[in-house]
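As structure tokens, the structure follows; a few thoughts come after it.
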Amino acid sequence: MILTLALSLAPQFSTGPQPVAPYGLPHTQPSAPISQGQGSGGPAVIEDFEAYVVGVGSAENIGSTFLDDTTITGTGQGPGLTLAGTFYSCTGGSLQWNGDTYFGLPTKTFLANSGDSTLYVGYAVPQASVGFGLHAFSGFADTATVEAYDTSGSLVDTVTVNVPGPATVPVTLTGPNIQRVIIRGTYSWSPIIDDHDFDGGTSCGLQLSVSGSCPGPMTFTVNGGAPGDPCKFGYAFGTGSFVIPSGPCAGTVTGLDGTATPVPGTFLFDGAGQVNQTFFVPPGACGAVYVQAINLADCCTSNVILIP
């Protein structure tokens with residue numbers, strides 16, 4: 001499980017001082033892109049990295065090598081610094097947040113000040129398409145290689161582009177079940193990213209919603225299945241990347257954490273491709289329990305919802 005591996009391989013907080021990038025001398029940049037991606041897509045949400053408080057014209061190492069929406073950084077900011085459904089990590093040094101106008105950058109941006117030029121990005125739900133706006137510090141033109149890997153660890157798309165300076169260089173990667181992206185540059189720090197667009201809920205069209213008042217009977221509606229396909233629900237007390245251990249969808253990465261528990265019963269999509277199922281929700285679940293649905297025919301997972 002990628003999230004577990006990231007947590008075990010890299011400590012959450014950096015262990016020593018790290019100068020804020022950029023530093024050293026700029027490199028000579030090739031004159032043209034080396035390769036291009038496979039196409040474009042339409043992911044659902046955009047992370048713009050505007051939540052962290054950093055001064056205009058400055059940058060800050062956040063004192064952490066792992067960041068998701070639950071992280072409190074080594075500088076004391078968070079949680080809620082990023083959108084749910086994705087995480088960012090590096091193997092050393094610190095993740096770094098850049099303020100507006102820092103070395104010519106147009107808005108707040110993000111990088112891994114890691115010493116090995118690499119930023120890792122992971123997803124709670126496998127993606128069909130992901131995109132980034134890449135930048136470089138003014139005077140430090142870079143060449144970025146961006147690789148997408150699926151749930152089995154196989155490379156499904158790669159892009160290598162020149163990043164001349166602060167102006168945005170858009171990159172999109174596509175492929176089945178993208179679980180992890182690796183972004184590498186030519187300096188000690190990674191290429192700079194902004195406007196990370198990805199599907200925060202589902203990459204295969206299954207949509208979950210809920211109606212009713214908690215506690216009490218609540219109706220969970222799933223849209224997007226084929227008529228007659230079997231559907232199951234699961235719940236947990238947090239979001240994460242729990243992997244289903246057995247059954248027809250063994251190996252599927254969910255958006256729930258390790259407390260994930262299947263709801264008894266299997267329900268069939270009707271002629272309109274919909275499941276409507278009412279459950280009694282106890283008081284302890286209100287505002288505390290997350291729910292996700294899965295189509296057992298194709299192992300497509302829905303968005304994750306928090307019971308209100």
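Quick note on naming: the chains in the structure tokens go A, B, ... in the order shown, residues restart at 1 in each chain, and ligands are numbered from 1 in order of appearance.
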Range 3-232 of chain A: residues DSSP assigns to strand (DSSP E or B), reported as a PyMOL selection string: chain A and resi 13+45-47+59-61+64+66-67+86-89+94-98+109-113+118-135+142-150+155-163+169-184+192-198+207-212+216-223+230-232
Which residues of range 93-113 of chain A have any atom within 9 Å of an atom in range 153-175 of chain A when counting only C-alpha atoms, and what is the closest pair of atoms for each, with the distance in Å to one decimal? Order the rows by chain and rising number and write it as a tab-separated table.
residue	atom	partner	partner_atom	distance
A:Phe103	CA	A:Pro166	CA	7.8
A:Gly104	CA	A:Pro166	CA	5.8
A:Leu105	CA	A:Pro166	CA	4.9
A:Pro106	CA	A:Pro166	CA	6.9
Would you mind exporting N, CA and C atoms of the selected residues as an mmCIF file, in the first residue's frame?
data_model
loop_
_atom_site.group_PDB
_atom_site.id
_atom_site.type_symbol
_atom_site.label_atom_id
_atom_site.label_comp_id
_atom_site.auth_asym_id
_atom_site.auth_seq_id
_atom_site.Cartn_x
_atom_site.Cartn_y
_atom_site.Cartn_z
ATOM 1 N N PHE A 103 11.355 34.387 -6.464
ATOM 2 C CA PHE A 103 12.127 34.101 -7.672
ATOM 3 C C PHE A 103 11.237 34.120 -8.918
ATOM 4 N N GLY A 104 10.317 35.101 -8.947
ATOM 5 C CA GLY A 104 9.484 35.306 -10.126
ATOM 6 C C GLY A 104 8.263 34.420 -10.235
ATOM 7 N N LEU A 105 8.019 33.538 -9.266
ATOM 8 C CA LEU A 105 6.879 32.624 -9.352
ATOM 9 C C LEU A 105 5.569 33.401 -9.230
ATOM 10 N N PRO A 106 4.567 33.078 -10.046
ATOM 11 C CA PRO A 106 3.355 33.904 -10.091
ATOM 12 C C PRO A 106 2.436 33.751 -8.891
#
d(CA of Leu208 in chain A, CA of Phe233 in chain A) in Å: 9.9 Å
Point-to-point distance from CA of Val20 in chain A to CA of Val56 in chain A, Å rounded to tenths: 14.7 Å
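Across A:Tyr120, A:Trp97, A:Phe66, A:Phe132, the tightest approach to His196 in chain A is made by A:Phe132 when counting only C-alpha atoms.
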Ser114 in chain A environment, 7 Å, only C-alpha atoms, sequence neighbours closer than 3 positions dropped, as a ChimeraX atom specification: /A:90-94,117-118,188-189
Near-Phe269 in chain A list (6 Å; only C-alpha atoms; drop same-chain fewer than 5 positions) as a PyMOL selection string: chain A and resi 227-229+274-275
Contact residues around range 249-253 of chain A with only C-alpha atoms at 7 Å, ignoring same-chain residues under 3 positions, as a ChimeraX atom specification: /A:125,241-246,296,299
Written file, previous selection with C-alpha atoms, as a compact mmCIF listing (two decimals), in the first residue's frame:
# COMPACT_ATOMS: atom_id res chain seq x y z
CA VAL A 125 -8.13 6.34 -5.45
CA SER A 241 -5.67 3.79 0.98
CA PHE A 242 -6.85 0.49 2.45
CA VAL A 243 -6.35 -2.41 0.03
CA ILE A 244 -9.16 -4.97 -0.20
CA PRO A 245 -7.51 -8.24 0.90
CA SER A 246 -9.78 -10.86 -0.67
CA LEU A 296 -18.01 -5.76 -7.67
CA CYS A 299 -14.03 -3.03 -8.98
Gly255 in chain A environment, 8 Å, only C-alpha atoms, sequence neighbours closer than 5 positions dropped, as a VMD selection string: chain A and resid 85 124 to 125 239 to 242 292 303 to 304
Nearby residues (only C-alpha atoms) at most 10 Å from Pro283 in chain A, same-chain spacing under 5 positions excluded, as a PyMOL selection string: chain A and resi 214-216+288
Filtering to C-alpha atoms, could you give me those residues as a compact mmCIF listing (two decimals), in the first residue's frame?
# COMPACT_ATOMS: atom_id res chain seq x y z
CA CYS A 214 -28.19 11.56 11.26
CA PRO A 215 -28.88 9.77 13.53
CA GLY A 216 -31.68 7.78 11.95
CA ALA A 288 -17.28 10.57 12.23
Nearest candidate to Tyr123 in chain A (options A:Ser211, A:Thr143, A:Asn61, A:Gln179; using only C-alpha atoms):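 Among A:Ser211, A:Thr143, A:Asn61, A:Gln179, it is A:Gln179 that comes nearest to Tyr123 in chain A.
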